[in-house]
file model-v6.cif (mmCIF, C-alpha atoms and all ligand atoms)
data_structure
loop_
_atom_site.label_atom_id
_atom_site.label_comp_id
_atom_site.auth_asym_id
_atom_site.auth_seq_id
_atom_site.Cartn_x
_atom_site.Cartn_y
_atom_site.Cartn_z
CA MET A 1 0.00 0.00 0.00
CA LEU A 2 1.44 3.38 -1.04
CA SER A 3 1.62 6.11 1.56
CA ARG A 4 -0.53 9.04 0.58
CA PRO A 5 0.25 12.65 1.56
CA VAL A 6 -2.52 13.95 3.81
CA HIS A 7 -2.86 17.62 4.74
CA PRO A 8 -4.29 18.35 8.22
CA ARG A 9 -6.79 20.82 6.70
CA GLY A 10 -7.73 18.80 3.60
CA HIS A 11 -10.98 17.57 5.17
CA GLU A 12 -12.21 21.18 5.34
CA LEU A 13 -12.82 21.02 1.57
CA THR A 14 -15.97 18.98 2.22
CA ALA A 15 -17.24 21.02 5.19
CA ALA A 16 -20.19 23.39 4.66
CA ALA A 17 -18.67 25.77 7.25
CA THR A 18 -15.72 26.39 4.92
CA TYR A 19 -17.99 27.86 2.26
CA LEU A 20 -20.06 29.93 4.69
CA GLY A 21 -16.81 31.75 5.43
CA ASP A 22 -13.82 32.53 3.18
CA PRO A 23 -12.22 29.38 1.71
CA HIS A 24 -9.34 31.29 0.04
CA PRO A 25 -6.82 30.92 2.92
CA LEU A 26 -7.48 27.16 2.95
CA TYR A 27 -6.85 26.92 -0.80
CA ALA A 28 -3.63 28.96 -0.47
CA GLN A 29 -2.35 26.70 2.30
CA LEU A 30 -3.13 23.52 0.37
CA ARG A 31 -1.49 24.85 -2.82
CA ALA A 32 1.63 25.84 -0.88
CA GLU A 33 1.97 22.82 1.38
CA GLU A 34 0.33 19.79 -0.27
CA PRO A 35 -1.10 20.61 -3.71
CA ILE A 36 -2.07 16.99 -4.31
CA SER A 37 -3.29 15.63 -1.00
CA TRP A 38 -5.39 12.68 0.07
CA VAL A 39 -8.59 13.41 2.01
CA GLU A 40 -9.39 10.36 4.14
CA ASP A 41 -13.13 10.81 4.45
CA PRO A 42 -14.64 9.71 2.10
CA GLY A 43 -11.27 9.10 0.34
CA PHE A 44 -10.20 11.23 -2.63
CA TRP A 45 -7.25 13.22 -3.97
CA ALA A 46 -7.67 17.00 -3.79
CA VAL A 47 -5.85 18.77 -6.63
CA THR A 48 -5.57 22.49 -5.91
CA THR A 49 -3.11 23.88 -8.49
CA HIS A 50 -3.95 25.20 -11.96
CA ALA A 51 -1.42 22.82 -13.57
CA GLY A 52 -2.85 19.83 -11.70
CA VAL A 53 -6.50 20.60 -12.53
CA THR A 54 -5.62 21.14 -16.19
CA ARG A 55 -3.62 17.93 -16.37
CA VAL A 56 -6.50 15.84 -14.94
CA SER A 57 -9.15 17.50 -17.15
CA LEU A 58 -7.16 17.10 -20.34
CA HIS A 59 -6.68 13.34 -19.91
CA PRO A 60 -10.11 11.67 -19.91
CA GLU A 61 -8.43 8.42 -20.98
CA GLU A 62 -6.79 8.36 -17.52
CA PHE A 63 -9.41 10.18 -15.44
CA CYS A 64 -13.01 9.33 -16.25
CA SER A 65 -16.31 11.06 -15.51
CA ALA A 66 -18.67 8.08 -15.61
CA ARG A 67 -18.09 7.09 -11.97
CA GLY A 68 -19.33 10.37 -10.55
CA ILE A 69 -18.33 14.02 -10.75
CA LEU A 70 -19.09 15.03 -7.16
CA VAL A 71 -17.62 13.88 -3.84
CA GLU A 72 -21.16 12.78 -2.90
CA GLU A 73 -21.13 10.41 -5.88
CA ILE A 74 -17.89 8.54 -5.06
CA GLY A 75 -18.35 4.79 -5.44
CA ARG A 76 -21.55 5.04 -7.48
CA HIS A 77 -22.13 3.01 -10.59
CA TYR A 78 -24.76 4.29 -12.96
CA ASP A 79 -26.85 2.05 -15.18
CA PHE A 80 -27.98 5.25 -16.84
CA PRO A 81 -25.96 8.50 -16.61
CA PRO A 82 -27.75 11.29 -14.70
CA THR A 83 -26.18 13.94 -17.01
CA MET A 84 -23.88 14.07 -20.02
CA MET A 85 -21.19 15.26 -17.63
CA HIS A 86 -21.29 11.71 -16.23
CA THR A 87 -20.32 10.10 -19.54
CA ASP A 88 -17.06 9.30 -21.34
CA ALA A 89 -16.29 8.67 -25.00
CA PRO A 90 -17.86 7.30 -27.11
CA ALA A 91 -21.26 8.06 -25.48
CA HIS A 92 -20.11 11.56 -24.52
CA THR A 93 -18.90 12.33 -28.05
CA ARG A 94 -22.30 11.34 -29.43
CA TYR A 95 -24.20 13.55 -26.96
CA ARG A 96 -21.90 16.46 -27.59
CA ARG A 97 -22.34 16.21 -31.37
CA LEU A 98 -26.08 16.24 -30.90
CA VAL A 99 -26.42 19.28 -28.67
CA GLN A 100 -23.35 21.40 -29.37
CA PRO A 101 -24.73 23.02 -32.57
CA GLY A 102 -27.54 24.65 -30.55
CA PHE A 103 -25.03 26.35 -28.21
CA LYS A 104 -22.48 27.72 -30.67
CA PRO A 105 -21.58 31.42 -30.13
CA SER A 106 -23.23 32.25 -33.49
CA MET A 107 -26.52 30.64 -32.32
CA VAL A 108 -26.29 32.35 -28.95
CA LYS A 109 -25.87 35.74 -30.65
CA LEU A 110 -29.31 35.30 -32.18
CA LEU A 111 -30.81 35.20 -28.67
CA ARG A 112 -29.35 38.51 -27.56
CA ASP A 113 -32.42 40.67 -28.24
CA GLN A 114 -34.71 38.32 -26.35
CA VAL A 115 -32.24 38.08 -23.44
CA THR A 116 -31.90 41.87 -23.40
CA ALA A 117 -35.68 42.27 -23.13
CA THR A 118 -35.73 39.89 -20.14
CA ALA A 119 -32.86 41.78 -18.49
CA THR A 120 -34.41 45.20 -19.13
CA ALA A 121 -37.71 44.24 -17.51
CA LEU A 122 -35.92 43.02 -14.37
CA LEU A 123 -33.46 45.94 -14.21
CA ASP A 124 -36.29 48.48 -14.64
CA ASP A 125 -37.93 47.06 -11.52
CA LEU A 126 -34.81 47.45 -9.33
CA SER A 127 -35.24 50.24 -6.82
CA VAL A 128 -32.66 53.01 -6.58
CA ASP A 129 -34.35 54.57 -3.53
CA GLU A 130 -33.63 51.79 -1.11
CA PRO A 131 -31.32 48.74 -0.88
CA VAL A 132 -32.27 45.77 -3.06
CA ASP A 133 -31.49 42.10 -2.63
CA LEU A 134 -29.63 41.52 -5.87
CA VAL A 135 -30.08 37.75 -5.63
CA SER A 136 -33.87 37.54 -5.44
CA ALA A 137 -34.50 40.59 -7.62
CA LEU A 138 -32.13 39.79 -10.48
CA SER A 139 -29.71 36.85 -10.24
CA VAL A 140 -32.37 34.21 -9.52
CA PRO A 141 -35.12 35.14 -12.02
CA PHE A 142 -32.90 36.24 -14.92
CA PRO A 143 -31.12 32.99 -15.93
CA LEU A 144 -34.25 30.96 -15.13
CA GLN A 145 -36.39 33.10 -17.44
CA VAL A 146 -33.70 32.94 -20.13
CA ILE A 147 -33.37 29.15 -19.97
CA ALA A 148 -37.14 28.63 -19.78
CA ALA A 149 -37.58 30.69 -22.97
CA LEU A 150 -34.68 28.88 -24.61
CA LEU A 151 -36.20 25.51 -23.80
CA GLY A 152 -39.55 26.67 -25.11
CA ALA A 153 -41.14 26.14 -21.69
CA ASP A 154 -43.58 28.56 -20.07
CA VAL A 155 -41.52 31.51 -18.73
CA ASP A 156 -44.18 32.30 -16.10
CA GLU A 157 -43.34 28.99 -14.47
CA TRP A 158 -39.82 30.11 -13.57
CA GLU A 159 -40.49 29.92 -9.83
CA THR A 160 -41.35 26.23 -10.15
CA PHE A 161 -38.13 25.76 -12.16
CA PHE A 162 -36.28 27.50 -9.34
CA GLU A 163 -37.52 24.95 -6.79
CA TRP A 164 -36.72 22.06 -9.11
CA SER A 165 -33.25 23.34 -9.74
CA GLU A 166 -32.53 23.85 -6.04
CA VAL A 167 -33.45 20.27 -5.14
CA SER A 168 -31.16 18.96 -7.87
CA ILE A 169 -28.00 20.39 -6.28
CA PRO A 170 -26.79 18.72 -3.09
CA GLY A 171 -26.88 21.19 -0.19
CA ALA A 172 -28.73 23.95 -2.09
CA SER A 173 -32.21 23.30 -0.67
CA ASP A 174 -33.33 23.19 2.97
CA LEU A 175 -36.47 21.13 2.15
CA PRO A 176 -36.89 17.65 3.73
CA ALA A 177 -35.39 14.80 1.65
CA GLU A 178 -38.78 13.31 0.71
CA VAL A 179 -40.07 16.67 -0.55
CA GLN A 180 -36.88 17.08 -2.58
CA GLN A 181 -37.38 13.66 -4.14
CA ALA A 182 -41.00 14.41 -4.99
CA LYS A 183 -39.97 17.67 -6.68
CA GLN A 184 -37.26 15.90 -8.67
CA LEU A 185 -39.88 13.46 -9.93
CA GLU A 186 -42.21 16.34 -10.81
CA MET A 187 -39.42 17.95 -12.84
CA TRP A 188 -38.68 14.68 -14.64
CA GLU A 189 -42.34 14.21 -15.54
CA TYR A 190 -42.80 17.79 -16.73
CA LEU A 191 -39.69 17.80 -18.93
CA SER A 192 -40.38 14.30 -20.35
CA ALA A 193 -43.88 15.40 -21.30
CA LEU A 194 -42.53 18.62 -22.85
CA ALA A 195 -39.95 16.66 -24.88
CA GLY A 196 -42.57 14.14 -25.99
CA ALA A 197 -44.90 16.92 -27.13
CA ARG A 198 -42.13 18.67 -29.11
CA ARG A 199 -41.03 15.42 -30.71
CA ALA A 200 -44.58 14.88 -31.94
CA HIS A 201 -45.10 18.54 -32.95
CA PRO A 202 -41.74 20.37 -33.23
CA LYS A 203 -41.57 24.14 -32.70
CA ASP A 204 -38.75 26.63 -33.15
CA ASP A 205 -37.03 25.99 -29.80
CA LEU A 206 -34.15 24.08 -28.22
CA VAL A 207 -36.30 21.23 -26.90
CA SER A 208 -37.62 20.57 -30.39
CA ALA A 209 -34.09 20.76 -31.81
CA ILE A 210 -32.80 18.19 -29.30
CA ALA A 211 -35.92 16.01 -29.51
CA THR A 212 -35.68 15.70 -33.29
CA ALA A 213 -31.87 15.72 -33.78
CA THR A 214 -30.38 12.53 -35.17
CA ILE A 215 -26.90 11.11 -35.39
CA ASP A 216 -26.41 8.29 -37.87
CA GLY A 217 -30.20 8.03 -38.00
CA ASP A 218 -30.47 7.69 -34.21
CA LEU A 219 -32.79 9.82 -32.05
CA LEU A 220 -32.15 10.30 -28.32
CA SER A 221 -34.20 7.89 -26.22
CA GLU A 222 -36.95 9.34 -24.02
CA ALA A 223 -34.80 8.89 -20.89
CA GLU A 224 -31.81 10.55 -22.59
CA LEU A 225 -33.99 13.47 -23.62
CA ALA A 226 -35.28 14.07 -20.10
CA MET A 227 -31.73 13.76 -18.74
CA PHE A 228 -30.58 16.50 -21.13
CA LEU A 229 -33.37 18.89 -20.34
CA ILE A 230 -32.87 18.52 -16.60
CA GLN A 231 -29.21 19.21 -17.05
CA LEU A 232 -29.84 22.33 -19.10
CA LEU A 233 -32.36 23.62 -16.59
CA VAL A 234 -30.06 23.07 -13.62
CA ALA A 235 -26.63 23.77 -15.19
CA GLY A 236 -27.96 26.87 -16.90
CA ASN A 237 -29.14 28.75 -13.88
CA GLU A 238 -27.42 27.97 -10.55
CA THR A 239 -24.09 28.75 -12.18
CA THR A 240 -25.03 31.92 -14.05
CA ARG A 241 -26.97 33.12 -10.99
CA ASN A 242 -23.87 32.98 -8.83
CA LEU A 243 -21.62 34.46 -11.50
CA LEU A 244 -23.94 37.48 -11.48
CA SER A 245 -24.37 37.72 -7.69
CA GLY A 246 -20.69 37.20 -6.86
CA GLY A 247 -19.40 39.24 -9.79
CA ILE A 248 -21.63 42.27 -9.19
CA LEU A 249 -20.87 42.07 -5.48
CA ALA A 250 -17.13 42.17 -6.28
CA LEU A 251 -17.76 45.32 -8.34
CA ALA A 252 -19.89 46.90 -5.60
CA GLU A 253 -17.08 46.28 -3.12
CA ARG A 254 -14.62 48.06 -5.44
CA PRO A 255 -16.18 51.37 -6.60
CA GLU A 256 -13.10 52.26 -8.67
CA GLN A 257 -13.51 49.08 -10.77
CA TRP A 258 -17.20 49.82 -11.40
CA GLU A 259 -16.32 53.37 -12.41
CA LEU A 260 -13.63 52.08 -14.78
CA LEU A 261 -16.02 49.60 -16.35
CA ARG A 262 -18.67 52.27 -16.90
CA ALA A 263 -16.09 54.61 -18.41
CA GLN A 264 -14.65 51.91 -20.70
CA PRO A 265 -17.44 49.56 -21.81
CA ASP A 266 -15.00 47.72 -24.09
CA LEU A 267 -13.51 46.25 -20.89
CA ARG A 268 -16.73 44.23 -20.39
CA PRO A 269 -15.43 40.97 -21.92
CA ARG A 270 -12.35 41.08 -19.67
CA ALA A 271 -14.46 42.04 -16.67
CA ILE A 272 -16.70 39.02 -17.28
CA GLU A 273 -13.70 36.66 -17.44
CA GLU A 274 -12.47 38.15 -14.17
CA MET A 275 -15.93 37.72 -12.60
CA LEU A 276 -15.84 34.09 -13.74
CA ARG A 277 -12.39 33.56 -12.23
CA TRP A 278 -13.21 35.40 -9.02
CA THR A 279 -16.55 33.73 -8.34
CA THR A 280 -15.76 30.26 -9.78
CA PRO A 281 -19.47 29.29 -9.61
CA VAL A 282 -18.68 25.55 -9.71
CA THR A 283 -16.20 25.07 -6.88
CA SER A 284 -14.96 21.64 -7.97
CA PHE A 285 -15.72 18.54 -10.03
CA LEU A 286 -14.40 15.01 -9.68
CA ARG A 287 -12.87 12.31 -11.88
CA THR A 288 -11.86 8.69 -11.18
CA ALA A 289 -8.48 7.27 -12.21
CA LEU A 290 -8.88 4.46 -14.77
CA THR A 291 -5.30 3.36 -14.40
CA THR A 292 -2.40 3.81 -12.00
CA THR A 293 -0.73 7.07 -13.00
CA HIS A 294 1.16 10.10 -11.67
CA LEU A 295 0.36 13.70 -10.89
CA GLY A 296 3.76 15.31 -10.44
CA ASP A 297 5.59 12.99 -8.02
CA THR A 298 2.39 11.61 -6.55
CA THR A 299 1.20 8.16 -7.54
CA ILE A 300 -2.53 7.92 -8.17
CA SER A 301 -3.86 4.36 -8.01
CA GLU A 302 -6.45 2.91 -10.34
CA GLY A 303 -9.91 3.63 -8.94
CA ASP A 304 -8.84 6.66 -6.89
CA PRO A 305 -11.27 9.60 -7.02
CA VAL A 306 -9.61 12.93 -7.88
CA LEU A 307 -11.24 16.26 -7.00
CA MET A 308 -10.29 19.18 -9.25
CA VAL A 309 -10.67 22.25 -7.06
CA TYR A 310 -11.37 24.88 -9.75
CA ALA A 311 -11.82 27.63 -7.13
CA SER A 312 -8.26 27.10 -5.92
CA ALA A 313 -6.75 26.69 -9.40
CA ASN A 314 -8.25 30.08 -10.28
CA LEU A 315 -6.20 31.77 -7.55
CA ASP A 316 -2.93 30.00 -8.29
CA GLU A 317 -0.05 32.49 -8.53
CA ALA A 318 1.80 30.09 -10.82
CA ALA A 319 -0.90 30.73 -13.45
CA PHE A 320 -2.08 34.27 -12.61
CA GLY A 321 1.07 35.88 -11.18
CA PRO A 322 1.48 37.88 -7.98
CA THR A 323 -1.90 39.63 -8.43
CA ALA A 324 -3.79 36.30 -8.40
CA SER A 325 -5.65 37.23 -5.22
CA SER A 326 -6.83 40.64 -6.48
CA PHE A 327 -9.99 41.29 -8.50
CA ASP A 328 -8.89 43.19 -11.60
CA ILE A 329 -11.27 43.76 -14.53
CA THR A 330 -8.35 44.57 -16.84
CA ARG A 331 -6.67 41.17 -16.30
CA SER A 332 -5.34 39.65 -19.51
CA PRO A 333 -4.55 36.89 -20.20
CA ASN A 334 -6.99 35.16 -17.89
CA PRO A 335 -6.72 31.38 -18.24
CA HIS A 336 -9.38 30.63 -15.60
CA VAL A 337 -10.86 27.13 -15.40
CA SER A 338 -14.38 28.13 -14.32
CA PHE A 339 -15.99 26.43 -17.33
CA GLY A 340 -13.81 23.32 -16.96
CA VAL A 341 -11.12 22.32 -19.45
CA GLY A 342 -11.03 19.77 -22.27
CA ASN A 343 -13.77 17.61 -23.74
CA HIS A 344 -16.43 18.47 -21.12
CA PHE A 345 -15.82 22.23 -21.47
CA CYS A 346 -19.07 23.97 -20.55
CA LEU A 347 -21.63 23.75 -23.29
CA GLY A 348 -23.36 26.91 -22.07
CA ALA A 349 -20.23 29.11 -21.84
CA ALA A 350 -21.21 31.42 -24.71
CA LEU A 351 -24.73 31.78 -23.32
CA ALA A 352 -23.51 32.52 -19.78
CA ARG A 353 -21.03 35.11 -21.10
CA MET A 354 -23.73 36.78 -23.17
CA GLU A 355 -26.13 36.88 -20.20
CA ALA A 356 -23.45 38.51 -18.05
CA ASP A 357 -22.67 41.01 -20.82
CA VAL A 358 -26.31 42.03 -21.19
CA ILE A 359 -26.69 42.52 -17.43
CA LEU A 360 -23.49 44.54 -17.06
CA GLU A 361 -24.49 46.73 -19.99
CA GLY A 362 -27.96 47.40 -18.53
CA LEU A 363 -26.69 47.90 -14.99
CA SER A 364 -24.01 50.37 -16.03
CA HIS A 365 -26.75 52.62 -17.47
CA LYS A 366 -29.06 52.11 -14.52
CA ALA A 367 -26.58 52.50 -11.65
CA PRO A 368 -23.64 54.95 -11.85
CA THR A 369 -22.69 53.78 -8.38
CA LEU A 370 -23.03 50.46 -6.60
CA SER A 371 -22.38 49.76 -2.95
CA VAL A 372 -22.93 47.07 -0.37
CA ALA A 373 -25.85 48.09 1.83
CA GLY A 374 -26.47 45.18 4.17
CA THR A 375 -26.39 41.47 4.63
CA ILE A 376 -24.37 39.14 2.42
CA GLU A 377 -25.58 35.60 3.10
CA ARG A 378 -23.53 32.78 1.63
CA SER A 379 -24.77 29.30 0.73
CA PRO A 380 -23.29 26.28 2.54
CA SER A 381 -23.07 24.32 -0.73
CA THR A 382 -19.71 22.62 -1.21
CA ILE A 383 -20.26 22.47 -4.99
CA ILE A 384 -21.78 25.78 -6.03
CA ASN A 385 -20.12 28.95 -4.76
CA GLY A 386 -23.47 30.41 -3.87
CA ILE A 387 -24.80 33.66 -2.46
CA ARG A 388 -28.31 33.56 -1.04
CA ARG A 389 -28.75 37.24 -0.27
CA ALA A 390 -26.77 40.36 -1.19
CA GLU A 391 -28.21 43.76 -0.29
CA LEU A 392 -26.84 46.47 -2.55
CA GLN A 393 -27.59 50.16 -2.98
CA LEU A 394 -27.84 51.26 -6.59
CA GLY A 395 -27.06 54.94 -7.12
CA SER A 396 -29.34 56.48 -9.76
CA ALA A 397 -28.20 58.52 -12.76
C1 LIG B 401 -21.33 30.88 -15.25
C2 LIG B 401 -22.01 29.90 -15.74
C3 LIG B 401 -21.53 28.49 -15.88
C4 LIG B 401 -20.47 27.84 -15.27
C5 LIG B 401 -19.44 28.42 -14.30
C6 LIG B 401 -20.47 26.47 -15.75
C7 LIG B 401 -19.53 25.53 -15.39
C8 LIG B 401 -19.38 24.30 -16.03
C9 LIG B 401 -18.28 23.39 -15.82
C10 LIG B 401 -17.15 23.60 -14.82
C11 LIG B 401 -18.46 22.33 -16.65
C12 LIG B 401 -17.48 21.16 -16.84
C13 LIG B 401 -17.97 19.82 -16.37
C14 LIG B 401 -16.88 18.78 -16.32
O1 LIG B 401 -15.74 18.99 -16.77
O2 LIG B 401 -17.16 17.69 -15.79
C15 LIG B 401 -19.69 22.55 -17.36
C16 LIG B 401 -20.27 21.69 -18.26
C17 LIG B 401 -21.52 21.87 -18.79
N1 LIG B 401 -22.29 23.00 -18.72
FE1 LIG B 401 -21.86 24.70 -17.76
N2 LIG B 401 -21.52 26.32 -16.60
C18 LIG B 401 -22.20 27.52 -16.71
C19 LIG B 401 -23.31 27.80 -17.48
C20 LIG B 401 -23.98 26.88 -18.24
C21 LIG B 401 -25.17 27.13 -19.01
C22 LIG B 401 -25.84 28.50 -19.14
C23 LIG B 401 -25.53 25.93 -19.57
C24 LIG B 401 -26.68 25.58 -20.46
C25 LIG B 401 -27.76 26.22 -20.62
C26 LIG B 401 -24.54 24.93 -19.18
C27 LIG B 401 -24.54 23.62 -19.56
C28 LIG B 401 -23.48 22.76 -19.37
C29 LIG B 401 -23.47 21.39 -19.91
C30 LIG B 401 -24.55 20.73 -20.70
C31 LIG B 401 -22.22 20.84 -19.55
C32 LIG B 401 -21.73 19.44 -19.83
C33 LIG B 401 -20.78 19.43 -20.98
C34 LIG B 401 -20.18 18.08 -21.22
O3 LIG B 401 -20.25 17.19 -20.36
O4 LIG B 401 -19.62 17.89 -22.32
N3 LIG B 401 -23.62 25.54 -18.38
N4 LIG B 401 -20.22 23.77 -16.97
#

call {"tool": "encode", "arguments": {"input": "model-v6.cif", "output": "structure tokens"}}
result
Amino acid sequence: MLSRPVHPRGHELTAAATYLGDPHPLYAQLRAEEPISWVEDPGFWAVTTHAGVTRVSLHPEEFCSARGILVEEIGRHYDFPPTMMHTDAPAHTRYRRLVQPGFKPSMVKLLRDQVTATATALLDDLSVDEPVDLVSALSVPFPLQVIAALLGADVDEWETFFEWSEVSIPGASDLPAEVQQAKQLEMWEYLSALAGARRAHPKDDLVSAIATATIDGDLLSEAELAMFLIQLLVAGNETTRNLLSGGILALAERPEQWELLRAQPDLRPRAIEEMLRWTTPVTSFLRTALTTTHLGDTTISEGDPVLMVYASANLDEAAFGPTASSFDITRSPNPHVSFGVGNHFCLGAALARMEADVILEGLSHKAPTLSVAGTIERSPSTIINGIRRAELQLGSA
């Protein structure tokens, strides 16, 4: 049996309390002292450097996704993958070929007017006379309404989608387990019925595109279709929501950066990449070693789970230089790993970037100044870097 380097604080990576506070000092200590360390309970390697995360992600032939992508999923075997993220080639390649065309930047561009209308309606309602909770007023409804419209579902049902999405992410919902299960079933039934209806009578929407797409004459099965739609609903909103909440909060905490962004709107693309790096909405994802291999000098045994801590990689001075721990909207280059790296690179990246762009554009007209006006309540989720409440004061023009 090989001896495995254990760091005395490694177990804190799976503790909710870590994420209710500031996990950055923990990441810095792990990167400096034991960048590839074994966490005994439940047993996985934590990889905290940018080079390590990139190396694992870029080698799916050594580190697979099909045996779970979360710490909670270690040891599971799936007869049917819960999402396409839980698949490897060749199944993954087939799924990707089917759905990727719908998410290309050129397709996403076509949605901009519709997304802008959604953003404008929400931004118009934000008060400038008193503090607003950015999360409930903007970050929650916006991506849900966008994804509902994109799926061709009823946009007025976004609050139901919100509940469904919350129960799909471990630790995000406070509801009792049996209520969570019932809601997951409800979501499955709704989306299966929607997909079935679009397959029978296609419309001009993403569900119809996925329901009728074929590869080598093959349609997706009913179960595959529902799996896809659930993933799009969940992946498309928790993440974008927290990019917006955390990113706008970072700007509100730094008035000079907000002023700079308003003065130089062409900095928006860079600002969005920095918001992605800074917030890292998905804290980490997992792989399982298919073979005995090495990460640096560390031997990884076949079957070992490996956690890629994106949130730590994004603060690694070896990749981002001495300013890694500062929020800087002019940062370039910015090789953040917030959308993952390699063959599972986020399918919705162009959409998420466009949503953030539309919001920053609208907000910079609406609010010449932004400041923190009250409570910032963080989520205890170990997977999503979540903010549940952020009271900001918007200064009017
Ligand atoms: C700020 C927003 C977002 C972040 C930070 C984010 C993050 C990620 C990450 C880290 C992965 C990699 C998974 C892996 O390597 O195992 C991923 C994959 C994925 N994302 Fe996103 N995501 C965001 C928005 C979206 C949106 C808007 C959608 C769709 C509407 C979406 C759909 C997906 C899908 C389908 C995959 C799986 C791709 C595959 O397995 O090939 N994401 N995302």

call {"tool": "atom_distance", "arguments": {"input": "model-v6.cif", "atom1": "atom CA of Gln180 of chain A", "atom2": "atom CA of Ala390 of chain A"}}
result
25.4 Å

call {"tool": "closest_atom_pairs", "arguments": {"input": "model-v6.cif", "of": "chain A", "to": "ligand LIG 401 (chain B)", "cutoff": "7 Å", "atoms": "only C-alpha atoms and all ligand atoms", "output": "JSON lines"}}
result
{"residue": "A:Ser57", "atom": "CA", "partner": "B:LIG401", "partner_atom": "O1", "distance": 6.8}
{"residue": "A:Ser65", "atom": "CA", "partner": "B:LIG401", "partner_atom": "O2", "distance": 6.7}
{"residue": "A:Ile69", "atom": "CA", "partner": "B:LIG401", "partner_atom": "O2", "distance": 6.3}
{"residue": "A:Met84", "atom": "CA", "partner": "B:LIG401", "partner_atom": "O3", "distance": 4.8}
{"residue": "A:Met85", "atom": "CA", "partner": "B:LIG401", "partner_atom": "O3", "distance": 3.5}
{"residue": "A:His86", "atom": "CA", "partner": "B:LIG401", "partner_atom": "O3", "distance": 6.9}
{"residue": "A:His92", "atom": "CA", "partner": "B:LIG401", "partner_atom": "O4", "distance": 6.7}
{"residue": "A:Arg96", "atom": "CA", "partner": "B:LIG401", "partner_atom": "O4", "distance": 5.9}
{"residue": "A:Ile147", "atom": "CA", "partner": "B:LIG401", "partner_atom": "C25", "distance": 6.4}
{"residue": "A:Gln231", "atom": "CA", "partner": "B:LIG401", "partner_atom": "C30", "distance": 6.1}
{"residue": "A:Leu232", "atom": "CA", "partner": "B:LIG401", "partner_atom": "C25", "distance": 4.7}
{"residue": "A:Leu233", "atom": "CA", "partner": "B:LIG401", "partner_atom": "C25", "distance": 6.6}
{"residue": "A:Ala235", "atom": "CA", "partner": "B:LIG401", "partner_atom": "C26", "distance": 4.7}
{"residue": "A:Gly236", "atom": "CA", "partner": "B:LIG401", "partner_atom": "C22", "distance": 3.5}
{"residue": "A:Asn237", "atom": "CA", "partner": "B:LIG401", "partner_atom": "C22", "distance": 6.2}
{"residue": "A:Thr239", "atom": "CA", "partner": "B:LIG401", "partner_atom": "C2", "distance": 4.3}
{"residue": "A:Thr240", "atom": "CA", "partner": "B:LIG401", "partner_atom": "C2", "distance": 4.0}
{"residue": "A:Leu243", "atom": "CA", "partner": "B:LIG401", "partner_atom": "C1", "distance": 5.2}
{"residue": "A:Leu276", "atom": "CA", "partner": "B:LIG401", "partner_atom": "C1", "distance": 6.5}
{"residue": "A:Thr280", "atom": "CA", "partner": "B:LIG401", "partner_atom": "C5", "distance": 6.1}
{"residue": "A:Pro281", "atom": "CA", "partner": "B:LIG401", "partner_atom": "C5", "distance": 4.8}
{"residue": "A:Val282", "atom": "CA", "partner": "B:LIG401", "partner_atom": "C5", "distance": 5.5}
{"residue": "A:Phe285", "atom": "CA", "partner": "B:LIG401", "partner_atom": "O2", "distance": 6.0}
{"residue": "A:Ser338", "atom": "CA", "partner": "B:LIG401", "partner_atom": "C5", "distance": 5.1}
{"residue": "A:Phe339", "atom": "CA", "partner": "B:LIG401", "partner_atom": "C10", "distance": 4.0}
{"residue": "A:Gly340", "atom": "CA", "partner": "B:LIG401", "partner_atom": "C10", "distance": 4.0}
{"residue": "A:Val341", "atom": "CA", "partner": "B:LIG401", "partner_atom": "O1", "distance": 6.3}
{"residue": "A:Asn343", "atom": "CA", "partner": "B:LIG401", "partner_atom": "O4", "distance": 6.0}
{"residue": "A:His344", "atom": "CA", "partner": "B:LIG401", "partner_atom": "O4", "distance": 3.5}
{"residue": "A:Phe345", "atom": "CA", "partner": "B:LIG401", "partner_atom": "C12", "distance": 5.0}
{"residue": "A:Cys346", "atom": "CA", "partner": "B:LIG401", "partner_atom": "C16", "distance": 3.4}
{"residue": "A:Leu347", "atom": "CA", "partner": "B:LIG401", "partner_atom": "C28", "distance": 4.4}
{"residue": "A:Gly348", "atom": "CA", "partner": "B:LIG401", "partner_atom": "C23", "distance": 3.5}
{"residue": "A:Ala349", "atom": "CA", "partner": "B:LIG401", "partner_atom": "C19", "distance": 5.5}
{"residue": "A:Leu351", "atom": "CA", "partner": "B:LIG401", "partner_atom": "C22", "distance": 5.4}
{"residue": "A:Ala352", "atom": "CA", "partner": "B:LIG401", "partner_atom": "C22", "distance": 4.7}

call {"tool": "closest_residue", "arguments": {"input": "model-v6.cif", "among": "A:Leu261, A:Ala16, A:Val146, A:Ile387", "to": "Gln114 of chain A", "atoms": "all atoms listed in the file"}}
result
A:Val146

call {"tool": "closest_residue", "arguments": {"input": "model-v6.cif", "among": "A:Ala367, A:Glu238, A:Pro143, A:Lys104", "to": "Ser173 of chain A", "atoms": "all atoms listed in the file"}}
result
A:Glu238

call {"tool": "residues_near_point", "arguments": {"input": "model-v6.cif", "point": "(-15.2, 33.5, -11.7)", "cutoff": "10 Å", "atoms": "all atoms listed in the file", "output": "number ranges by chain"}}
result
A: 242-244, 246-247, 271-283, 310-311, 314, 327, 336-339, 385
